[in-house]
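First the structure, in the form of structure tokens, and then the observations on it.
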Amino acid sequence: MASSSLPLGGSSSQPKNNMTNMVGGIILKTPEYLRRLFNVPQMDLDYTFWQMINLCISPSRVYRTTKYHKQTKNQWARDDPAFLFVLMIFMMISTFAYSICFHHTGFGSYVKAVVYAVCIDFLLVGVIVSTVNWYVANTYLRIESGSSGMTTDQHVEWLYAFDVHCNSFFPLFMILYVVQYFGLFIFLRDGFPSLFFANLMYAASISYYCYITFLGFDVLPFLQHTLVFLYPIALVIIALVLFLIFKINISQLIMKSYFD
């Protein structure tokens, strides 16, 4: 494991058969993972809630248990979809609360809000982000076998990249879906204080998402230069400054797009 801000290392010419094998692994493992999503009695909910709490207060502690999972299950990714299941339930509940708050009590309005929040904001965007991170990690950040003491070729599992997204998304959910809900009377007002705190809330949540993403890939011993996952924070800071200068309240924009 090497966290460095040096130019990206590793091989940028990933062998075609290696990438084919990784894609094949995704196709084989994903149906089994989805099947377990409907087997609630077999889910380890206690461990899931432990992870969620620690992702908010001590995320590095969560990733230390990932090493143990690799030793016992011989894979980095979770084989239990409980985290995904619970997070989607939480999002449906919070969407229901927002729908009531904005007087969108019709069933169709609620379903539309759930589709936007769960299917698009969380799942679709998550699949895209996970795939990009998975590709970048395997193509540019992976330490080749035989170097730095690595004796076998290892790669990032796509399901692990999606796990990292889920982990990173939960604190963001707590800030933007829970904290924001109870502070709507502040964030939706006109004036600079509301503008500042609303935009700062979004900037902080996205930056924390990037930080937990960095931790998730940094724990893998066969990756190098993982600080690249922190680089988007610089863009977040620039966007924050621009939004403040042009007096754009992100909270107002998001609420209008969902419930106007």
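Going through the structure tokens in order, the chains are called A, B, and so on, while each chain numbers its residues from 1 and the ligands are numbered from 1 in the order shown.
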Who sits within 10 Å of Leu230 (chain A), only C-alpha atoms, same chain under 2 positions skipped, as a short mmCIF file (atom, residue, chain, number, x, y, z; two decimals) with N, CA and C atoms, in the first residue's frame:
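Output below, filename part-v9.cif:
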data_model
loop_
_atom_site.label_atom_id
_atom_site.label_comp_id
_atom_site.auth_asym_id
_atom_site.auth_seq_id
_atom_site.Cartn_x
_atom_site.Cartn_y
_atom_site.Cartn_z
N SER A 5 1.50 11.20 -3.71
CA SER A 5 0.98 12.17 -4.67
C SER A 5 1.86 12.25 -5.91
N SER A 207 -16.79 16.00 -0.08
CA SER A 207 -15.38 15.84 0.27
C SER A 207 -15.18 14.62 1.16
N TYR A 208 -16.11 14.41 2.09
CA TYR A 208 -16.02 13.23 2.96
C TYR A 208 -16.24 11.96 2.16
N TYR A 209 -17.11 12.02 1.15
CA TYR A 209 -17.29 10.89 0.23
C TYR A 209 -15.95 10.54 -0.43
N CYS A 210 -15.25 11.55 -0.91
CA CYS A 210 -13.95 11.32 -1.56
C CYS A 210 -12.94 10.74 -0.57
N TYR A 211 -12.97 11.23 0.66
CA TYR A 211 -12.03 10.75 1.68
C TYR A 211 -12.25 9.28 2.00
N ILE A 212 -13.50 8.87 2.17
CA ILE A 212 -13.77 7.46 2.46
C ILE A 212 -13.46 6.59 1.25
N THR A 213 -13.69 7.12 0.05
CA THR A 213 -13.29 6.40 -1.16
C THR A 213 -11.79 6.17 -1.18
N PHE A 214 -11.03 7.20 -0.83
CA PHE A 214 -9.58 7.08 -0.74
C PHE A 214 -9.19 5.99 0.26
N LEU A 215 -9.81 5.98 1.43
CA LEU A 215 -9.49 4.96 2.45
C LEU A 215 -9.77 3.56 1.92
N THR A 226 -2.68 6.12 -4.33
CA THR A 226 -4.13 6.19 -4.12
C THR A 226 -4.62 7.58 -3.71
N LEU A 227 -3.70 8.50 -3.46
CA LEU A 227 -4.11 9.87 -3.16
C LEU A 227 -4.87 10.51 -4.32
N VAL A 228 -4.81 9.87 -5.49
CA VAL A 228 -5.54 10.39 -6.65
C VAL A 228 -7.04 10.49 -6.34
N PRO A 232 -10.43 15.10 -6.41
CA PRO A 232 -11.69 15.81 -6.66
C PRO A 232 -12.07 16.82 -5.58
N ILE A 233 -11.49 16.70 -4.39
CA ILE A 233 -11.80 17.65 -3.32
C ILE A 233 -11.40 19.07 -3.74
N ALA A 234 -10.32 19.19 -4.51
CA ALA A 234 -9.90 20.50 -4.99
C ALA A 234 -10.98 21.12 -5.87
#
>> I'd like to know which residues of region 143-198 of chain A are alpha helix (DSSP H) (by DSSP, run on the backbone); could you write them as a PyMOL selection string?
In response: chain A and resi 158-173+180-182+184-187+192-198
One decimal place gives the CA of Leu184 (chain A)-CA of Tyr116 (chain A) separation as 19.5 Å
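For the choices A:Glu157, A:Met91, A:Arg36, A:Phe49, the atom-to-atom distance to Asn74 (chain A) is smallest for A:Glu157 when using only C-alpha atoms.
The protein and nucleic acid residues lying at most 10 Å from Ser109 (chain A) are Phe96, Ser99, His103, His104, Thr105, Ala113, Val114, Val115, Tyr258 and Phe259 of chain A, with only C-alpha atoms considered and sequence neighbours fewer than 4 positions away removed.
The shell of residues at most 8 Å from Ala203 (chain A), with only C-alpha atoms counted and near chain neighbours (fewer than 4 positions) removed, consists of Asn199, Ser207, Val236, Ile237 and Leu240 of chain A.
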Keeping only N, CA, C and O atoms, write those residues as a PDB file, in the first residue's frame.
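Dumped to result.pdb:
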ATOM      1  N   ASN A 199     -24.304  25.531   1.048  1.00  0.00           N
ATOM      2  CA  ASN A 199     -23.248  25.112   0.128  1.00  0.00           C
ATOM      3  C   ASN A 199     -22.096  24.429   0.853  1.00  0.00           C
ATOM      4  O   ASN A 199     -21.499  23.478   0.333  1.00  0.00           O
ATOM      5  N   SER A 207     -16.792  16.003  -0.084  1.00  0.00           N
ATOM      6  CA  SER A 207     -15.379  15.839   0.272  1.00  0.00           C
ATOM      7  C   SER A 207     -15.184  14.620   1.158  1.00  0.00           C
ATOM      8  O   SER A 207     -14.213  13.860   0.996  1.00  0.00           O
ATOM      9  N   VAL A 236     -14.152  20.443  -5.655  1.00  0.00           N
ATOM     10  CA  VAL A 236     -15.272  20.763  -4.767  1.00  0.00           C
ATOM     11  C   VAL A 236     -15.060  22.139  -4.129  1.00  0.00           C
ATOM     12  O   VAL A 236     -15.989  22.955  -4.038  1.00  0.00           O
ATOM     13  N   ILE A 237     -13.835  22.417  -3.698  1.00  0.00           N
ATOM     14  CA  ILE A 237     -13.527  23.705  -3.070  1.00  0.00           C
ATOM     15  C   ILE A 237     -13.695  24.844  -4.072  1.00  0.00           C
ATOM     16  O   ILE A 237     -14.266  25.900  -3.752  1.00  0.00           O
ATOM     17  N   LEU A 240     -17.338  25.409  -4.580  1.00  0.00           N
ATOM     18  CA  LEU A 240     -17.915  26.085  -3.423  1.00  0.00           C
ATOM     19  C   LEU A 240     -17.706  27.591  -3.513  1.00  0.00           C
ATOM     20  O   LEU A 240     -18.637  28.380  -3.298  1.00  0.00           O
TER      21      LEU A 240
END
Could you name the residues that touch Val127 (chain A) at 10 Å or less, counting only C-alpha atoms, but leaving out those on the same chain fewer than 3 positions away, as a ChimeraX atom specification?
-> /A:120,122-124,130-133,158-159,161-162,165
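If only C-alpha atoms are the atoms counted, then among A:Val219, A:Cys101, A:Ala82, A:Ala137 the closest residue to Arg61 (chain A) is A:Val219.
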- Message: What's the separation between CA of Asn39 (chain A) and CA of Gln75 (chain A), in Å to one decimal place?
- Response: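 One can read the CA of Asn39 (chain A) to CA of Gln75 (chain A) distance as 20.8 Å.
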Among the residues A:Leu200, A:Lys70, A:Tyr63, A:Thr95, the one that comes closest to Val118 (chain A) [using only C-alpha atoms]: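 Comparing A:Leu200, A:Lys70, A:Tyr63, A:Thr95 against Val118 (chain A), the winner is A:Thr95.
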Sorted by chain and rising residue number, list the residues of region 134-238 of chain A at most 10 Å from region 246-251 of chain A (counting only C-alpha atoms), each with its closest atom pair and distance in Å to one decimal, as a tab-separated table.
residue	atom	partner	partner_atom	distance
A:Leu176	CA	A:Ser251	CA	9.0
A:Gln180	CA	A:Ser251	CA	8.4
A:Leu184	CA	A:Ser251	CA	8.4
A:Phe187	CA	A:Ser251	CA	6.5
A:Leu188	CA	A:Ser251	CA	6.7
A:Arg189	CA	A:Asn249	CA	9.4
A:Asp190	CA	A:Asn249	CA	8.7
A:Gly191	CA	A:Lys247	CA	8.9
A:Phe192	CA	A:Lys247	CA	7.8
A:Ser194	CA	A:Asn249	CA	8.0
A:Leu195	CA	A:Asn249	CA	5.2
A:Phe196	CA	A:Asn249	CA	8.0
A:Phe197	CA	A:Asn249	CA	9.3
A:Ala198	CA	A:Ser251	CA	5.8
A:Asn199	CA	A:Ile250	CA	5.9
A:Leu200	CA	A:Ile250	CA	9.5
A:Met201	CA	A:Ser251	CA	9.0
A:Tyr202	CA	A:Ile250	CA	7.6
A:Ala203	CA	A:Ile250	CA	9.8
From CA of Tyr181 (chain A) to CA of Lys112 (chain A) the spacing works out at 18.6 Å
Set the distance at 8 Å and use only C-alpha atoms: which residues neighbour Asp163 (chain A) once local chain neighbours fewer than 4 positions away are removed? I'd like the list as a VMD selection string.
chain A and resid 77 to 78 159 167
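Distances to Asn138 (chain A) were evaluated for A:Ile206, A:Leu223, A:Val178, A:Ile53 using only C-alpha atoms, and the minimum falls at A:Leu223.
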